[in-house]
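Colleague: Have a look at this one before I ask anything.
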Amino acid sequence: MESNLSLEEILRKSTKAILLGIGGGGDIVGTIPTARLLEMFGIECVLGGLPWERFVYDPIPGPRAFNEIKNIRPLNSTVWFANKDTVTTTGVRFAETEIAEIYGKEVLLVDITKGVEGVVNGLSKAMNELQADLLIGIDVGGDSLAFGDEKGLASPLADSIMISALSELQKKRVALLGVFGYGSDGELEHTELERSLSIVAKEGGLIGAWGITPQILTDLEMVLTRVSTEASRIPVECAKGATGKTTIRRGTRMVTLSLTSTITFYLSPRVVYEMISKPARLVSGSKSLDEANDALHSIGLFTELDLEREVEKVVPT
């Protein structure tokens with residue numbers, strides 16, 4: 001549902017939340033600060049993410065579908081439970097697999113191969129089946145705030161599908177977008193992120209914010225001994241005082257280190273969808289991953305799926 005409530009009002013009314021890393025890879029790590037906040041309000045949290053590891057870990061292009069994963073338990077046709085033994089059929093462990101093992105409980109995997117419509121249907125059913133009254137999608141890095149014309153934008157596909165889905169779900173559910181790790185993926189410049197956040201705030205879409213406490217920092221450091229992720233590691237380094245610049249993605253991406261990256265900004269998905277994300281609007285109503293990908297090609301975007309397919313041609317799996 002559309003909401004102009006502040007974050008604390010939403011949390012006081014919530015009892016169970018689904019928290020999803022929406023960009024694949026290690027984005028599930030970015031849900032941990034939010035989970036700790038919600039737990040202080042007595043909210044039970046179910047963590048999850050997308051079954052899409054970066055190609056340096058899983059050389060097969062794209063996210064994995066149900067029949068490409070072992071040791072999962074279906075909640076519905078789009079949302080599955082993963083555990084400490086969940087792997088691809090080629091033996092690749094997901095970041096979600098590690099989180100399940102660390103915390104000793106199942107987490108969720110969301111299939112985006114059925115496009116926005118599949119995600120909306122699956123998450124709506126999942127909220128009913130799990131009796132969850134709050135859904136928060138966490139993007140690590142902030143590329144979900146892209147208009148679509150930014151030079152550094154490199155991974156718009158997963159984010160656009162999930163933002164479009166969150167926006168649709170917000171019509172009838174309480175759904176938020178959280179942005180953690182301000183610029184930590186090296187895609188959008190800080191000035192570009194500030195432009196988008198400013199517009200969202202002016203439109204009443206800034207719901208609240210939450211940072212890394214010493215206790216959360218300890219938790220994240222423990223998790224990062226098990227989960228391989230670059231973007232979700234940057235906020236931890238910044239929380240320990242790191243400044244200046246560093247590189248990620250084998251030196252191909254420059255990241256500005258700032259304490260701002262330790263903050264999770266909670267936003268209205270609908271405002272982001274309508275006022276910021278042209279990619280999310282383009283993929284709306286898509287029924288498959290390729291349909292969504294082709295929609296992004298219409299504005300000249302080269303997506304993370306395109307990159308992985310190009311890499312596969314050079315280094316066959």
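Chain lettering (A, B, ...) mirrors the order of the structure tokens, residue numbering begins at 1 for each chain separately, and ligand numbering begins at 1 in order of display.
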Counting only C-alpha atoms, what is within 12 Å of A:Arg64, bar same-chain residues fewer than 5 positions away, as a VMD selection string?

Modeller: chain A and resid 24 to 25 50 to 55 58 to 59 69 to 70 78 80 86 to 90 92 to 94 109 to 114 289 305

Colleague: May I have the residues from that selection written out with C-alpha atoms, as a PDB file, in the first residue's frame?

Modeller:
ATOM      1  CA  GLY A  24      22.143 -11.004  -6.370  1.00  0.00           C
ATOM      2  CA  GLY A  25      25.632 -11.926  -5.189  1.00  0.00           C
ATOM      3  CA  LEU A  50      18.454 -13.958  -5.598  1.00  0.00           C
ATOM      4  CA  PRO A  51      20.119 -17.169  -6.877  1.00  0.00           C
ATOM      5  CA  TRP A  52      22.544 -15.161  -9.015  1.00  0.00           C
ATOM      6  CA  GLU A  53      26.227 -15.253  -8.132  1.00  0.00           C
ATOM      7  CA  ARG A  54      28.749 -13.131 -10.010  1.00  0.00           C
ATOM      8  CA  PHE A  55      30.402 -14.966 -12.875  1.00  0.00           C
ATOM      9  CA  ASP A  58      29.369 -19.155 -11.114  1.00  0.00           C
ATOM     10  CA  PRO A  59      30.486 -19.079 -14.776  1.00  0.00           C
ATOM     11  CA  ILE A  69      19.665 -25.888  -7.865  1.00  0.00           C
ATOM     12  CA  LYS A  70      19.991 -28.787  -5.448  1.00  0.00           C
ATOM     13  CA  THR A  78       8.962 -18.546  -7.568  1.00  0.00           C
ATOM     14  CA  TRP A  80      12.173 -21.330  -2.411  1.00  0.00           C
ATOM     15  CA  THR A  86      21.964 -25.543  -1.166  1.00  0.00           C
ATOM     16  CA  VAL A  87      24.168 -25.471  -4.278  1.00  0.00           C
ATOM     17  CA  THR A  88      23.832 -25.208  -8.027  1.00  0.00           C
ATOM     18  CA  THR A  89      23.863 -28.436  -9.997  1.00  0.00           C
ATOM     19  CA  THR A  90      27.522 -27.648 -10.748  1.00  0.00           C
ATOM     20  CA  VAL A  92      28.428 -23.535  -6.598  1.00  0.00           C
ATOM     21  CA  ARG A  93      27.350 -22.302  -3.166  1.00  0.00           C
ATOM     22  CA  PHE A  94      25.263 -19.142  -2.935  1.00  0.00           C
ATOM     23  CA  LEU A 109      15.728 -17.557  -2.854  1.00  0.00           C
ATOM     24  CA  VAL A 110      13.594 -15.608  -5.330  1.00  0.00           C
ATOM     25  CA  ASP A 111      13.465 -16.699  -8.973  1.00  0.00           C
ATOM     26  CA  ILE A 112      13.556 -13.727 -11.365  1.00  0.00           C
ATOM     27  CA  THR A 113      13.606 -15.828 -14.546  1.00  0.00           C
ATOM     28  CA  LYS A 114       9.827 -15.345 -14.811  1.00  0.00           C
ATOM     29  CA  LEU A 289      14.253 -12.562 -17.799  1.00  0.00           C
ATOM     30  CA  LEU A 305      23.374 -10.714 -18.106  1.00  0.00           C
TER      31      LEU A 305
END

Colleague: Extract, using only C-alpha atoms, all DNA, RNA and protein residues at most 9 Å from stretch 299-301 of chain A, discarding same-chain residues fewer than 6 positions from it, and format them as JSON, numbers by chain.

Modeller: {"A": [148, 149, 153, 154, 156, 279, 293]}

Colleague: Calculated over only C-alpha atoms, which of the candidates A:Ile60, A:Ala239, A:Leu75, A:Ile138 has the smallest distance to A:Met162?

Modeller: A:Ile138

Colleague: Name the residues in contact with A:Gln215 at a cut-off of 12 Å, using only C-alpha atoms, excluding same-chain residues fewer than 6 positions from it; report them as a VMD selection string.

Modeller: chain A and resid 32 to 33 36 to 37 221 to 222 236 239

Colleague: Enter the distance from atom CA of A:Gly211 to atom CA of A:Val179, in Å, rounded to one decimal.

Modeller: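 We find that atom CA of A:Gly211 and atom CA of A:Val179 lie 11.3 Å from each other.
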
Colleague: If we count only C-alpha atoms and set the cut-off at 9 Å, which residues sit around A:Thr97, ignoring sequence neighbours fewer than 2 positions away in its own chain? Please answer as a ChimeraX atom specification.

Modeller: /A:82-87,93-95,99-102,106-107

Colleague: Write out, as a PDB file, in the first residue's frame, the residues just selected, with C-alpha atoms.

Modeller:
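Result saved to again.pdb:
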ATOM      1  CA  ALA A  82      17.581 -22.556   0.847  1.00  0.00           C
ATOM      2  CA  ASN A  83      19.670 -24.208   3.551  1.00  0.00           C
ATOM      3  CA  LYS A  84      23.325 -24.815   4.408  1.00  0.00           C
ATOM      4  CA  ASP A  85      23.583 -27.484   1.696  1.00  0.00           C
ATOM      5  CA  THR A  86      21.964 -25.543  -1.166  1.00  0.00           C
ATOM      6  CA  VAL A  87      24.168 -25.471  -4.278  1.00  0.00           C
ATOM      7  CA  ARG A  93      27.350 -22.302  -3.166  1.00  0.00           C
ATOM      8  CA  PHE A  94      25.263 -19.142  -2.935  1.00  0.00           C
ATOM      9  CA  ALA A  95      25.826 -16.299  -0.487  1.00  0.00           C
ATOM     10  CA  ILE A  99      23.979 -17.184   5.592  1.00  0.00           C
ATOM     11  CA  ALA A 100      21.746 -20.216   6.200  1.00  0.00           C
ATOM     12  CA  GLU A 101      24.691 -22.093   7.674  1.00  0.00           C
ATOM     13  CA  ILE A 102      25.914 -19.177   9.795  1.00  0.00           C
ATOM     14  CA  GLU A 106      16.603 -21.490   6.126  1.00  0.00           C
ATOM     15  CA  VAL A 107      16.625 -18.390   3.958  1.00  0.00           C
TER      16      VAL A 107
END

Colleague: Set the distance at 10 Å and use only C-alpha atoms: which residues neighbour stretch 166-175 of chain A once local chain neighbours fewer than 4 positions away are removed? I'd like the list as a ChimeraX atom specification.

Modeller: /A:1-3,10,14,17-18,116-117,119-121,123-124,127,132-137,160-162,267-274,280-281,284-285

Colleague: Could you take the residues named above and write them with N, CA and C atoms, as a compact mmCIF listing (two decimals), in the first residue's frame?

Modeller:
# COMPACT_ATOMS: atom_id res chain seq x y z
N MET A 1 0.85 -1.19 0.00
CA MET A 1 0.00 0.00 0.00
C MET A 1 0.88 1.24 0.00
N GLU A 2 0.40 2.35 -0.59
CA GLU A 2 1.13 3.59 -0.53
C GLU A 2 1.13 4.08 0.92
N SER A 3 2.23 4.58 1.37
CA SER A 3 2.33 4.98 2.77
C SER A 3 3.21 6.19 2.90
N ILE A 10 5.88 2.30 10.80
CA ILE A 10 5.75 1.04 10.06
C ILE A 10 6.23 -0.12 10.91
N SER A 14 4.41 -3.79 12.55
CA SER A 14 4.81 -5.01 11.86
C SER A 14 5.17 -6.11 12.85
N ALA A 17 8.78 -9.88 8.91
CA ALA A 17 9.27 -9.23 7.69
C ALA A 17 10.09 -10.18 6.84
N ILE A 18 9.96 -10.02 5.53
CA ILE A 18 10.84 -10.66 4.57
C ILE A 18 11.84 -9.60 4.11
N VAL A 116 9.05 -9.72 -13.95
CA VAL A 116 8.39 -8.99 -12.86
C VAL A 116 7.11 -9.67 -12.42
N GLU A 117 6.33 -10.15 -13.37
CA GLU A 117 5.06 -10.79 -13.01
C GLU A 117 5.29 -12.00 -12.12
N VAL A 119 7.84 -12.53 -10.10
CA VAL A 119 8.30 -12.08 -8.78
C VAL A 119 7.14 -11.55 -7.95
N VAL A 120 6.28 -10.75 -8.57
CA VAL A 120 5.13 -10.20 -7.85
C VAL A 120 4.23 -11.31 -7.33
N ASN A 121 3.90 -12.24 -8.20
CA ASN A 121 3.03 -13.35 -7.79
C ASN A 121 3.68 -14.19 -6.69
N LEU A 123 6.17 -13.39 -4.51
CA LEU A 123 6.35 -12.71 -3.23
C LEU A 123 5.02 -12.43 -2.54
N SER A 124 3.99 -12.17 -3.32
CA SER A 124 2.66 -11.99 -2.72
C SER A 124 2.21 -13.26 -2.02
N MET A 127 4.35 -13.86 1.16
CA MET A 127 3.93 -13.07 2.32
C MET A 127 2.71 -13.68 2.98
N ALA A 132 3.79 -12.79 6.66
CA ALA A 132 4.65 -11.61 6.77
C ALA A 132 3.84 -10.36 6.42
N ASP A 133 4.00 -9.31 7.21
CA ASP A 133 3.27 -8.07 6.95
C ASP A 133 4.18 -6.93 6.51
N LEU A 134 5.44 -7.25 6.25
CA LEU A 134 6.39 -6.24 5.79
C LEU A 134 7.39 -6.89 4.85
N LEU A 135 7.68 -6.20 3.74
CA LEU A 135 8.66 -6.66 2.76
C LEU A 135 9.65 -5.53 2.51
N ILE A 136 10.93 -5.83 2.67
CA ILE A 136 11.97 -4.83 2.39
C ILE A 136 13.00 -5.43 1.45
N GLY A 137 13.19 -4.78 0.32
CA GLY A 137 14.24 -5.18 -0.61
C GLY A 137 15.47 -4.30 -0.40
N SER A 160 16.22 -3.60 -11.53
CA SER A 160 15.01 -3.05 -12.17
C SER A 160 13.83 -3.99 -12.03
N ILE A 161 14.07 -5.28 -12.16
CA ILE A 161 13.00 -6.26 -11.97
C ILE A 161 12.46 -6.18 -10.55
N MET A 162 13.35 -6.12 -9.58
CA MET A 162 12.92 -6.13 -8.19
C MET A 162 12.26 -4.82 -7.77
N LEU A 267 13.27 3.75 1.47
CA LEU A 267 12.56 4.57 0.49
C LEU A 267 11.27 3.90 0.04
N SER A 268 10.36 4.73 -0.47
CA SER A 268 9.15 4.20 -1.09
C SER A 268 9.49 3.65 -2.46
N PRO A 269 9.28 2.35 -2.70
CA PRO A 269 9.55 1.80 -4.03
C PRO A 269 8.75 2.50 -5.13
N ARG A 270 7.54 2.91 -4.78
CA ARG A 270 6.68 3.55 -5.79
C ARG A 270 7.28 4.88 -6.25
N VAL A 271 7.80 5.65 -5.30
CA VAL A 271 8.41 6.93 -5.67
C VAL A 271 9.67 6.70 -6.51
N VAL A 272 10.49 5.74 -6.12
CA VAL A 272 11.69 5.42 -6.91
C VAL A 272 11.29 4.98 -8.31
N TYR A 273 10.27 4.14 -8.39
CA TYR A 273 9.79 3.63 -9.68
C TYR A 273 9.29 4.77 -10.57
N GLU A 274 8.48 5.65 -10.01
CA GLU A 274 7.83 6.68 -10.81
C GLU A 274 8.74 7.87 -11.12
N ALA A 280 13.25 0.33 -14.30
CA ALA A 280 12.18 -0.40 -13.62
C ALA A 280 10.86 -0.25 -14.36
N ARG A 281 10.61 0.94 -14.88
CA ARG A 281 9.36 1.16 -15.63
C ARG A 281 9.36 0.35 -16.92
N SER A 284 8.48 -3.40 -16.37
CA SER A 284 7.18 -3.66 -15.75
C SER A 284 6.34 -4.58 -16.62
N GLY A 285 5.73 -5.58 -16.01
CA GLY A 285 4.87 -6.50 -16.74
C GLY A 285 5.61 -7.61 -17.46

Colleague: Just to confirm, what's the straight-line distance from atom CA of A:Leu188 to atom CA of A:Glu291 in Å (one decimal)?

Modeller: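 Going from atom CA of A:Leu188 over to atom CA of A:Glu291 covers 24.9 Å.
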
Colleague: Could you list, as a ChimeraX atom specification, every residue within 9 Å of A:Gly30, counting only C-alpha atoms and ignoring same-chain residues fewer than 2 positions away?

Modeller: /A:20-21,26-28,32-34,138-140,179-181,220,232,264

Colleague: In terms of the shortest atom-to-atom distance over only C-alpha atoms, which of A:Leu157, A:Cys45, A:Leu224, A:Met40 is closest to A:Gln131?

Modeller: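 Distance minimum relative to A:Gln131 lands on A:Cys45.
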